[in-house]
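Source file: work26.cif (mmCIF, C-alpha atoms)
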```cif
data_upload
#
loop_
_atom_site.label_atom_id
_atom_site.label_comp_id
_atom_site.auth_asym_id
_atom_site.auth_seq_id
_atom_site.Cartn_x
_atom_site.Cartn_y
_atom_site.Cartn_z
CA MET F 24 94.49 80.99 -149.61
CA LYS F 25 95.97 79.87 -146.33
CA THR F 26 99.66 78.85 -146.15
CA PRO F 27 100.00 75.33 -144.77
CA TYR F 28 101.58 75.15 -141.33
CA TYR F 29 103.86 72.34 -142.37
CA ASP F 30 104.87 71.72 -145.98
CA VAL F 31 105.14 67.93 -145.95
CA ASP F 32 106.15 67.67 -149.60
CA ASN F 33 109.21 69.85 -149.02
CA SER F 34 110.19 68.53 -145.61
CA LEU F 35 113.60 66.99 -145.04
CA GLY F 36 112.05 63.70 -143.93
CA PHE F 37 109.73 63.35 -146.93
CA LEU F 38 112.40 64.36 -149.44
CA THR F 39 115.02 62.00 -148.01
CA ILE F 40 112.64 59.04 -147.74
CA THR F 41 111.18 59.43 -151.22
CA THR F 42 114.57 60.17 -152.77
CA ASN F 43 116.01 57.06 -151.11
CA ARG F 44 113.17 54.94 -152.50
CA LEU F 45 113.68 56.32 -156.00
CA MET F 46 117.45 55.88 -155.77
CA SER F 47 116.98 52.26 -154.69
CA ALA F 48 114.61 51.66 -157.61
CA CYS F 49 117.09 53.24 -160.05
CA LEU F 50 119.91 51.09 -158.71
CA ARG F 51 117.76 47.97 -158.82
CA LYS F 52 116.81 48.71 -162.44
CA ARG F 53 120.47 49.03 -163.46
CA LEU F 54 121.38 45.83 -161.62
CA VAL F 55 118.54 43.93 -163.32
CA GLU F 56 119.60 45.31 -166.72
CA ALA F 57 123.09 43.97 -165.98
CA GLY F 58 121.63 40.56 -165.13
CA ILE F 59 122.43 40.88 -161.42
CA ASP F 60 119.68 39.71 -159.09
CA ILE F 61 120.32 41.62 -155.87
CA THR F 62 118.36 44.32 -154.06
CA ALA F 63 119.62 47.74 -153.02
CA GLU F 64 119.78 46.48 -149.42
CA GLN F 65 121.90 43.51 -150.49
CA TRP F 66 124.11 45.87 -152.50
CA GLY F 67 124.63 47.93 -149.34
CA VAL F 68 125.71 44.83 -147.41
CA LEU F 69 128.04 43.67 -150.17
CA THR F 70 129.74 47.05 -150.52
CA ARG F 71 130.50 47.03 -146.80
CA LEU F 72 131.86 43.47 -146.95
CA TRP F 73 133.95 44.20 -150.05
CA ASN F 74 135.50 47.12 -148.19
CA ARG F 75 135.83 45.32 -144.86
CA ASN F 76 135.28 41.57 -144.99
CA GLY F 77 134.86 39.99 -141.57
CA ILE F 78 132.71 42.65 -139.94
CA ALA F 79 130.48 41.76 -137.00
CA GLN F 80 126.76 41.59 -137.79
CA ASP F 81 125.80 43.97 -134.96
CA GLU F 82 128.43 46.46 -136.10
CA LEU F 83 127.14 46.33 -139.67
CA ALA F 84 123.58 46.96 -138.44
CA HIS F 85 124.83 50.08 -136.64
CA ILE F 86 126.79 51.31 -139.68
CA VAL F 87 123.88 50.92 -142.12
CA CYS F 88 121.34 52.26 -139.58
CA VAL F 89 118.98 49.29 -139.51
CA ASP F 90 117.82 47.20 -136.59
CA LYS F 91 119.44 43.83 -136.06
CA SER F 92 116.34 41.84 -137.01
CA SER F 93 115.91 43.66 -140.34
CA LEU F 94 119.54 43.06 -141.21
CA SER F 95 119.23 39.44 -140.14
CA ARG F 96 116.37 38.91 -142.62
CA VAL F 97 118.43 40.40 -145.47
CA LEU F 98 121.40 38.24 -144.48
CA ASP F 99 119.24 35.09 -144.32
CA VAL F 100 118.31 35.58 -147.98
CA MET F 101 121.87 36.40 -148.96
CA GLU F 102 123.19 33.36 -147.12
CA ARG F 103 120.68 31.07 -148.86
CA ARG F 104 121.77 32.54 -152.19
CA GLY F 105 125.43 31.91 -151.40
CA LEU F 106 126.45 35.56 -151.21
CA VAL F 107 127.48 35.75 -147.56
CA CYS F 108 128.48 33.41 -144.81
CA ARG F 109 128.17 34.01 -141.10
CA MET F 110 130.65 32.55 -138.66
CA ARG F 111 130.73 32.64 -134.89
CA ASP F 112 133.08 35.16 -133.38
CA PRO F 113 135.88 33.12 -131.77
CA ASP F 114 135.92 35.60 -128.85
CA ASP F 115 132.14 35.75 -128.34
CA ALA F 116 129.95 32.85 -129.50
CA ARG F 117 126.86 35.11 -129.45
CA ARG F 118 128.32 37.36 -132.15
CA LYS F 119 128.33 36.58 -135.87
CA ILE F 120 131.08 37.69 -138.23
CA LEU F 121 130.10 38.28 -141.87
CA PHE F 122 132.09 37.40 -144.96
CA ALA F 123 131.41 37.87 -148.66
CA THR F 124 131.66 34.58 -150.55
CA ASP F 125 133.56 33.97 -153.77
CA GLN F 126 130.20 34.13 -155.55
CA ALA F 127 129.61 37.61 -154.12
CA ASP F 128 133.14 38.65 -155.02
CA SER F 129 132.49 37.66 -158.64
CA LEU F 130 129.67 40.24 -158.70
CA ARG F 131 131.83 43.09 -157.50
CA GLU F 132 132.92 44.58 -160.84
CA PRO F 133 129.57 44.22 -162.65
CA CYS F 134 127.80 45.66 -159.58
CA LEU F 135 130.17 48.61 -159.38
CA LYS F 136 129.62 49.31 -163.08
CA ALA F 137 125.81 49.19 -162.71
CA ALA F 138 125.92 51.33 -159.57
CA GLY F 139 128.15 53.87 -161.31
CA GLU F 140 125.67 54.10 -164.18
CA ALA F 141 122.78 54.52 -161.74
CA LEU F 142 124.65 57.22 -159.86
CA ALA F 143 125.43 59.08 -163.08
CA THR F 144 121.70 59.09 -163.88
CA MET F 145 120.80 60.26 -160.38
CA LEU F 146 123.33 63.09 -160.37
CA GLU F 147 122.67 64.38 -163.88
CA ASN F 148 122.47 68.19 -163.78
CA VAL F 149 123.58 68.30 -160.13
CA ASP F 150 126.38 70.77 -159.45
CA SER F 151 129.36 69.14 -157.71
CA GLY F 152 129.54 71.93 -155.12
CA GLU F 153 125.85 71.60 -154.31
CA LEU F 154 126.27 67.83 -154.03
CA ALA F 155 129.16 68.31 -151.61
CA THR F 156 127.00 70.66 -149.53
CA CYS F 157 124.09 68.23 -149.59
CA LEU F 158 126.30 65.37 -148.42
CA LYS F 159 127.81 67.51 -145.68
CA VAL F 160 124.38 68.57 -144.41
CA LEU F 161 123.02 65.02 -144.45
CA ALA F 162 126.09 63.74 -142.60
CA GLN F 163 125.59 66.41 -139.93
CA VAL F 164 121.88 65.59 -139.58
CA LYS F 165 122.79 61.92 -139.20
CA GLN F 166 125.42 62.75 -136.59
CA ASN F 167 122.92 64.89 -134.66
CA ILE F 168 120.36 62.10 -134.64
CA ARG F 169 122.92 59.52 -133.53
CA LYS F 170 124.00 61.82 -130.68
CA GLN F 171 120.41 62.09 -129.48
CA ALA F 172 120.00 58.30 -129.60
CA GLU F 173 122.95 57.68 -127.26
#
```
Is it possible to give me this structure as structure tokens?
Amino acid sequence: MKTPYYDVDNSLGFLTITTNRLMSACLRKRLVEAGIDITAEQWGVLTRLWNRNGIAQDELAHIVCVDKSSLSRVLDVMERRGLVCRMRDPDDARRKILFATDQADSLREPCLKAAGEALATMLENVDSGELATCLKVLAQVKQNIRKQAE
């Protein structure tokens, strides 16, 4: 039997994409079980705002590695649901500054609990040293890609 030239199923791209999808589904399941109706993408936005409220929309897009229009669609939904508000940057009217609302802030603790439970499920039987290595490698790959994009 011939060895395949490229093992797609064990490639870095395939494994990271499919793992990300499964992780998002696991997080979403835990959030739904907790009675919290937000997506993994919305969770990602909220965690950034909880850590740094008042971030510029274009800066957030760069941090979470999505294009501005994709982030804008997520924010439109979140704004309609009362989770975020966008304000004009006083120094640049073309820029929007993002803030978590009080409604979003009320979700912080239950979201963190659900996310912690999801993460515990995801990392079951994963050695802490191997996890640290995995995170280090992924951070380096990300840095390499960002360097090439400049």
Exercise. Give me the residues within 12 Å of stretch 30-40 of chain F as a list in words, counting only C-alpha atoms and dropping any in the same chain fewer than 6 places off.
Key: Met46, Ser47, Cys157, Leu158, Val160, Leu161, Val164 and Lys165 of chain F
Saved selection, atoms kept: C-alpha atoms, as a PDB file, keeping the file's coordinate frame:
```
ATOM      1  CA  MET F  46     117.450  55.880-155.770  1.00  0.00           C
ATOM      2  CA  SER F  47     116.980  52.260-154.690  1.00  0.00           C
ATOM      3  CA  CYS F 157     124.090  68.230-149.590  1.00  0.00           C
ATOM      4  CA  LEU F 158     126.300  65.370-148.420  1.00  0.00           C
ATOM      5  CA  VAL F 160     124.380  68.570-144.410  1.00  0.00           C
ATOM      6  CA  LEU F 161     123.020  65.020-144.450  1.00  0.00           C
ATOM      7  CA  VAL F 164     121.880  65.590-139.580  1.00  0.00           C
ATOM      8  CA  LYS F 165     122.790  61.920-139.200  1.00  0.00           C
TER       9      LYS F 165
END
```
Quiz item: Contacts of F:Ala84 at 10 Å or less, counting all atoms listed in the file, minus same-chain residues fewer than 4 places along, as an MDAnalysis selection string?
Solution: chainID F and resid 68 79:80 88:95
Self-check item: Shell around stretch 131-137 of chain F at 7 Å using all atoms listed in the file, local window under 2 positions removed, as a count of residues only
Solution: 9
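For the pair atom CA of F:Asp112 and atom CA of F:Gly77, the interatomic distance is 9.7 Å.
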Quiz item: Any idea what's packed within 8 Å of stretch 96-105 of chain F, counting all atoms listed in the file, ignoring anything in its chain fewer than 4 positions away? Could you give it as number ranges by chain?
Solution: F: 64-65, 92, 109, 124, 126-127
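When all atoms listed in the file are used to compute distances to F:Asp81, the closest of the residues F:Lys119, F:Glu147, F:Ala63, F:Tyr29 turns out to be F:Lys119.
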Is it possible to get the axis-aligned box enclosing stretch 101-106 of chain F (all listed atoms, 5 Å extra per side) as JSON, with centre and edge lengths in Å rounded to one decimal?
```
{"center_x": 123.6, "center_y": 33.7, "center_z": -149.7, "size_x": 15.8, "size_y": 15.3, "size_z": 15.1}
```
Can I get the residues of stretch 45-105 of chain F within 10 Å of stretch 143-146 of chain F, each with the closest pair of atoms and their distance in Å to one decimal, using only C-alpha atoms, sorted chain first then ascending number, as a tab-separated table?
```
residue	atom	partner	partner_atom	distance
F:Leu45	CA	F:Met145	CA	9.2
F:Met46	CA	F:Met145	CA	7.2
F:Cys49	CA	F:Met145	CA	7.9
F:Leu50	CA	F:Met145	CA	9.4
```
Could you write out that same residue set with C-alpha atoms as a compact mmCIF listing (two decimals), in the coordinates of the input?
```txt
# COMPACT_ATOMS: atom_id res chain seq x y z
CA LEU F 45 113.68 56.32 -156.00
CA MET F 46 117.45 55.88 -155.77
CA CYS F 49 117.09 53.24 -160.05
CA LEU F 50 119.91 51.09 -158.71
```
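The gap separating atom CA of F:Cys108 from atom CA of F:Ala48 is 26.3 Å, in Å to one decimal.
Counting only C-alpha atoms and comparing F:Trp73, F:Asp60, F:Phe122, F:Ile78, the residue that lies closest to F:Val107 is F:Phe122.
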Exercise. Please measure the separation of atom CA of F:Asp125 and atom CA of F:Ile86, giving the value in Å to one decimal.
Key: 23.3 Å
Quiz item: Using all atoms listed in the file, which residue out of F:Ala155, F:Ile61, F:Leu121, F:Met110 lies closest to F:Asn76?
Solution: F:Leu121
Quiz item: Nearest to F:Arg51 among F:Val149, F:Ala138, F:Ala162, F:Leu154, with distances taken over all atoms listed in the file: which residue is it?
Solution: F:Ala138
